Amino acid sequence: MFRLGLFALSALLAACQAVALSLPLNGADISSLPLLESQGISYTDNGQKKPFETILTQHGFKLARIRVWTAGTYTQSYAISLAKRAKAAGMKVLIDLHYSDTWADPGHQAIPSGWPTTLSALNTQIFTYTTNLVSAFNSAGVTIDYIQVGNEINDGLLWPVGQISVSGAHATSELLHSAVSGVRAASPTTKTVIHIANGWDESSVQSWYSEVFVPGALAPADVDVMGFSFYPFYGTGATLDALKSSMQNIISKYSKDIFVAETDWPEACPSSVALSEPSIPVSAAGQTTWVKDIENVLASLSNGHGLGVVYWEPGWIGNANLGSSCSDTLLVDSTGKTRTSINLF
């Protein structure tokens with residue numbers, strides 16, 4: 001009985017340690033912040049009005065993820081300005097290159113207007129564009145800590161030339177290698193990130209990397225960090241157990257650092273929406289549980305390869321469902337007041 005009690009106490013302490021663990025890339029995507037502020041939106045924490053990036057850092061967020069489009073709202077200059085604010089608040093910066101004039105995701109990867117449409121010319125274009133962009137951040141005094149070369153590129157990028165389902169994986173492999181080469185030409189210390197969706201889907205993750213690592217093009221040495229989206233409302237297979245198995249196996253194969261580059265959990269959601277972990281409540285408390293559980297999965301991975309969790313757009317008032325069928329997945333209410341789930345980390 002006494003031995004059993006000691007074992008139980010030891011297990012409890014280990015669990016508490018895991019929950020308390022602060023992973024180095026815990027953070028948030030705050031790309032929409034200046035746009036929201038231009039609409040008069042502001043944020044309060046404990047009754048005090050503060051810049052949102054300050055609120056986040058005061059609650060343990062260490063990384064700001066910022067997207068860049070080739071046109072439209074999220075321009076290079078927009079991103080540099082926001083990155084300066086994030087750095088001033090004490091955050092590291094992850095730049096998310098969509099390589100498109102608008103949203104890039106598993107169903108959309110359009111070649112930017114004015115870019116060429118042959119593989120050879122696109123290799124040159126993506127190298128030049130990436131080098132120039134990283135150099136512009138350097139010139140502005142903002143060293144990029146991490147950079148995604150593409151966003152949720154499960155079916156490749158720069159379609160149709162780099163679309164895997166149309167042209168196979170070789171074109172995507174070439175384009176990614178050119179993009180990584182562009183990063184390293186301008187900033188050898190910046191960590192490169194490959195980002196795909198559905199990180200819980202082990203077979204798809206394994207086959208994707210097996211196909212995209214091609215001799216003479218993208219090599220494992222080109223990739224510093226593997227990033228994955230992990231959402232609870234796009235398929236009931238997205239369980240924590242599935243994520244753990246998928247992440248551990250990809251680490252075992254390539255010995256790369258990994259992180260969850262995008263996630264959310266609903267504060268409010270119709271009961272008709274099937275969530276992948278139905279035991280977790282739909283509430284601010286549930287948001288905290290979901291992220292803590294992901295942290296614990298990452299902390300359990302071998303050799304410290306699990307780096308952190310990035311909550312996607314926690315302050316996007318006016319777009320509270322964040323593309324899901326749920327009604328609200330934010331860490332603030334409609335007035336900009338922080339919820340208890342601001343203490344995710």
# chains A, B, ... in the order shown; residues from 1 in each chain; ligands from 1

$ residues_around --residues "Ile258 of chain A" --least-positions-apart "5" --cutoff "12 Å" --atoms "only C-alpha atoms" --output "ChimeraX atom specification"
/A:23-26,191-196,199,223-229,243-244,246-252,295,297-299,301-310

$ residues_around --residues "Leu240 of chain A" --least-positions-apart "6" --cutoff "8 Å" --atoms "only C-alpha atoms" --output "PyMOL selection string"
chain A and resi 200+277+293-294+297

$ write_last_selection --atoms "N, CA, C and O atoms" --output "PDB file, in the first residue's frame"
ATOM      1  N   TRP A 200      -2.003  15.018 -36.906  1.00  0.00           N
ATOM      2  CA  TRP A 200      -2.429  13.784 -36.238  1.00  0.00           C
ATOM      3  C   TRP A 200      -2.479  12.589 -37.185  1.00  0.00           C
ATOM      4  O   TRP A 200      -2.494  11.431 -36.739  1.00  0.00           O
ATOM      5  N   GLU A 277     -12.086  15.466 -29.284  1.00  0.00           N
ATOM      6  CA  GLU A 277     -11.919  15.068 -27.878  1.00  0.00           C
ATOM      7  C   GLU A 277     -13.172  15.503 -27.113  1.00  0.00           C
ATOM      8  O   GLU A 277     -13.186  16.515 -26.413  1.00  0.00           O
ATOM      9  N   ASP A 293      -3.137  19.793 -22.740  1.00  0.00           N
ATOM     10  CA  ASP A 293      -2.997  18.397 -23.171  1.00  0.00           C
ATOM     11  C   ASP A 293      -2.046  18.280 -24.364  1.00  0.00           C
ATOM     12  O   ASP A 293      -1.252  17.328 -24.436  1.00  0.00           O
ATOM     13  N   ILE A 294      -2.113  19.228 -25.294  1.00  0.00           N
ATOM     14  CA  ILE A 294      -1.166  19.215 -26.417  1.00  0.00           C
ATOM     15  C   ILE A 294       0.252  19.438 -25.895  1.00  0.00           C
ATOM     16  O   ILE A 294       1.198  18.765 -26.324  1.00  0.00           O
ATOM     17  N   VAL A 297       1.555  16.261 -24.578  1.00  0.00           N
ATOM     18  CA  VAL A 297       1.955  15.367 -25.669  1.00  0.00           C
ATOM     19  C   VAL A 297       3.344  15.745 -26.176  1.00  0.00           C
ATOM     20  O   VAL A 297       4.231  14.890 -26.321  1.00  0.00           O
TER      21      VAL A 297
END

$ residues_around --residues "segment 94-102 of chain A" --least-positions-apart "5" --cutoff "6 Å" --atoms "only C-alpha atoms" --output "ChimeraX atom specification"
/A:65-71,110-112,146-151

$ closest_residue --among "A:Pro314, A:Gly182, A:Gly168, A:Pro116" --to "Ser135 of chain A" --atoms "only C-alpha atoms"
A:Gly182

$ select_by_dssp --residues "segment 209-303 of chain A" --states "alpha helix (DSSP H)" --output "ChimeraX atom specification"
/A:209-212,240-254,284-299

$ closest_residue --among "A:Val166, A:Leu157, A:Leu122, A:Val93" --to "Ile144 of chain A" --atoms "only C-alpha atoms"
A:Val93

$ residues_around --residues "Ser120 of chain A" --least-positions-apart "2" --cutoff "12 Å" --atoms "only C-alpha atoms" --output "PyMOL selection string"
chain A and resi 115-118+122-127+161-162+171-172+174-175+178

$ write_last_selection --atoms "C-alpha atoms" --output "PDB file, in the first residue's frame"
ATOM      1  CA  TRP A 115       4.903  35.555 -61.014  1.00  0.00           C
ATOM      2  CA  PRO A 116       6.060  33.171 -63.774  1.00  0.00           C
ATOM      3  CA  THR A 117       4.321  29.874 -64.415  1.00  0.00           C
ATOM      4  CA  THR A 118       7.156  27.495 -65.276  1.00  0.00           C
ATOM      5  CA  LEU A 122       9.413  29.809 -60.222  1.00  0.00           C
ATOM      6  CA  ASN A 123      12.507  28.346 -58.590  1.00  0.00           C
ATOM      7  CA  THR A 124      14.342  31.572 -59.359  1.00  0.00           C
ATOM      8  CA  GLN A 125      11.371  33.706 -58.307  1.00  0.00           C
ATOM      9  CA  ILE A 126      10.800  32.026 -54.942  1.00  0.00           C
ATOM     10  CA  PHE A 127      14.517  32.175 -54.123  1.00  0.00           C
ATOM     11  CA  VAL A 161       3.097  23.894 -61.136  1.00  0.00           C
ATOM     12  CA  GLY A 162       3.865  22.716 -57.616  1.00  0.00           C
ATOM     13  CA  ALA A 171       8.291  20.202 -58.237  1.00  0.00           C
ATOM     14  CA  THR A 172       7.268  20.954 -54.651  1.00  0.00           C
ATOM     15  CA  GLU A 174      12.518  21.834 -55.821  1.00  0.00           C
ATOM     16  CA  LEU A 175      10.503  24.904 -54.859  1.00  0.00           C
ATOM     17  CA  SER A 178      14.884  27.079 -53.499  1.00  0.00           C
TER      18      SER A 178
END

$ residues_around --residues "Pro266 of chain A" --least-positions-apart "2" --cutoff "12 Å" --atoms "only C-alpha atoms" --output "VMD selection string"
chain A and resid 231 to 233 263 to 264 268 to 271 273 to 278 280 to 291 311 to 312 314 320 to 332 341

$ decode --residues "segment 96-221 of chain A" --atoms "C-alpha atoms" --output "short mmCIF file (atom, residue, chain, number, x, y, z; two decimals), in the first residue's frame"
data_model
loop_
_atom_site.label_atom_id
_atom_site.label_comp_id
_atom_site.auth_asym_id
_atom_site.auth_seq_id
_atom_site.Cartn_x
_atom_site.Cartn_y
_atom_site.Cartn_z
CA ASP A 96 4.58 32.54 -42.21
CA LEU A 97 5.09 32.93 -45.97
CA HIS A 98 1.97 32.01 -47.94
CA TYR A 99 3.59 32.59 -51.35
CA SER A 100 0.23 33.78 -52.62
CA ASP A 101 -1.76 37.01 -52.96
CA THR A 102 -4.31 35.61 -50.49
CA TRP A 103 -4.92 32.65 -48.20
CA ALA A 104 -2.85 29.54 -48.82
CA ASP A 105 -4.09 26.30 -47.24
CA PRO A 106 -4.70 22.66 -48.25
CA GLY A 107 -7.33 23.76 -50.79
CA HIS A 108 -5.74 26.99 -52.10
CA GLN A 109 -2.17 27.67 -53.24
CA ALA A 110 -2.48 30.12 -56.14
CA ILE A 111 0.65 31.47 -57.84
CA PRO A 112 0.92 35.21 -57.10
CA SER A 113 -0.13 37.55 -59.86
CA GLY A 114 2.84 38.60 -61.93
CA TRP A 115 4.90 35.56 -61.01
CA PRO A 116 6.06 33.17 -63.77
CA THR A 117 4.32 29.87 -64.41
CA THR A 118 7.16 27.49 -65.28
CA LEU A 119 9.04 25.45 -62.70
CA SER A 120 12.46 26.80 -63.65
CA ALA A 121 11.34 30.41 -63.45
CA LEU A 122 9.41 29.81 -60.22
CA ASN A 123 12.51 28.35 -58.59
CA THR A 124 14.34 31.57 -59.36
CA GLN A 125 11.37 33.71 -58.31
CA ILE A 126 10.80 32.03 -54.94
CA PHE A 127 14.52 32.18 -54.12
CA THR A 128 14.74 35.88 -55.00
CA TYR A 129 11.49 36.81 -53.26
CA THR A 130 12.46 34.95 -50.08
CA THR A 131 15.99 36.36 -49.97
CA ASN A 132 14.73 39.90 -50.51
CA LEU A 133 12.04 39.56 -47.85
CA VAL A 134 14.41 38.20 -45.19
CA SER A 135 16.94 40.90 -46.09
CA ALA A 136 14.24 43.56 -45.68
CA PHE A 137 13.50 42.32 -42.16
CA ASN A 138 17.22 42.38 -41.39
CA SER A 139 17.52 45.94 -42.69
CA ALA A 140 14.59 46.96 -40.48
CA GLY A 141 16.39 45.59 -37.44
CA VAL A 142 14.11 42.58 -37.07
CA THR A 143 15.90 39.25 -37.21
CA ILE A 144 13.44 36.50 -38.10
CA ASP A 145 13.77 33.64 -35.61
CA TYR A 146 11.71 31.11 -37.57
CA ILE A 147 10.26 31.20 -41.07
CA GLN A 148 7.66 28.98 -42.70
CA VAL A 149 8.29 28.40 -46.40
CA GLY A 150 4.65 27.82 -47.27
CA ASN A 151 1.44 27.40 -45.30
CA GLU A 152 -0.34 24.03 -44.99
CA ILE A 153 1.30 22.70 -48.14
CA ASN A 154 -0.12 19.17 -48.01
CA ASP A 155 -0.75 19.28 -51.77
CA GLY A 156 2.27 21.42 -52.54
CA LEU A 157 2.50 25.13 -53.32
CA LEU A 158 2.34 27.51 -56.28
CA TRP A 159 -0.40 25.57 -58.07
CA PRO A 160 -0.68 24.04 -60.55
CA VAL A 161 3.10 23.89 -61.14
CA GLY A 162 3.87 22.72 -57.62
CA GLN A 163 0.65 20.80 -56.99
CA ILE A 164 1.55 17.32 -55.80
CA SER A 165 -1.73 15.72 -56.89
CA VAL A 166 -1.18 17.09 -60.42
CA SER A 167 2.57 17.03 -60.97
CA GLY A 168 3.94 14.73 -58.28
CA ALA A 169 6.19 15.79 -55.40
CA HIS A 170 9.37 16.68 -57.29
CA ALA A 171 8.29 20.20 -58.24
CA THR A 172 7.27 20.95 -54.65
CA SER A 173 10.60 19.56 -53.46
CA GLU A 174 12.52 21.83 -55.82
CA LEU A 175 10.50 24.90 -54.86
CA LEU A 176 10.95 24.30 -51.14
CA HIS A 177 14.68 23.79 -51.58
CA SER A 178 14.88 27.08 -53.50
CA ALA A 179 12.90 28.85 -50.77
CA VAL A 180 15.11 27.46 -48.00
CA SER A 181 18.20 28.46 -49.97
CA GLY A 182 16.79 31.97 -50.16
CA VAL A 183 16.34 32.12 -46.39
CA ARG A 184 19.86 30.90 -45.69
CA ALA A 185 21.42 33.27 -48.22
CA ALA A 186 20.00 36.21 -46.27
CA SER A 187 20.01 34.92 -42.68
CA PRO A 188 21.88 31.69 -41.89
CA THR A 189 20.68 31.74 -38.27
CA THR A 190 16.97 31.82 -39.10
CA LYS A 191 15.34 28.43 -38.54
CA THR A 192 13.37 27.04 -41.49
CA VAL A 193 9.95 25.50 -40.97
CA ILE A 194 7.88 23.20 -43.19
CA HIS A 195 4.18 23.37 -42.30
CA ILE A 196 1.46 20.88 -43.22
CA ALA A 197 -2.07 20.36 -41.90
CA ASN A 198 -3.48 17.37 -40.01
CA GLY A 199 -0.43 16.53 -37.96
CA TRP A 200 -2.43 13.78 -36.24
CA ASP A 201 -2.71 11.79 -39.49
CA GLU A 202 0.37 9.60 -39.13
CA SER A 203 0.22 7.81 -42.48
CA SER A 204 -0.25 11.07 -44.40
CA VAL A 205 2.57 12.81 -42.53
CA GLN A 206 4.95 9.90 -43.12
CA SER A 207 4.11 9.56 -46.82
CA TRP A 208 4.31 13.33 -47.40
CA TYR A 209 7.85 13.59 -46.14
CA SER A 210 8.90 10.37 -47.85
CA GLU A 211 7.75 11.83 -51.16
CA VAL A 212 9.00 15.40 -50.75
CA PHE A 213 12.55 14.58 -49.70
CA VAL A 214 14.09 14.13 -53.15
CA PRO A 215 17.81 13.75 -53.99
CA GLY A 216 19.03 16.97 -55.55
CA ALA A 217 16.09 18.99 -54.21
CA LEU A 218 14.67 19.27 -50.68
CA ALA A 219 16.80 17.34 -48.19
CA PRO A 220 16.24 16.69 -44.47
CA ALA A 221 19.11 19.10 -43.77
#
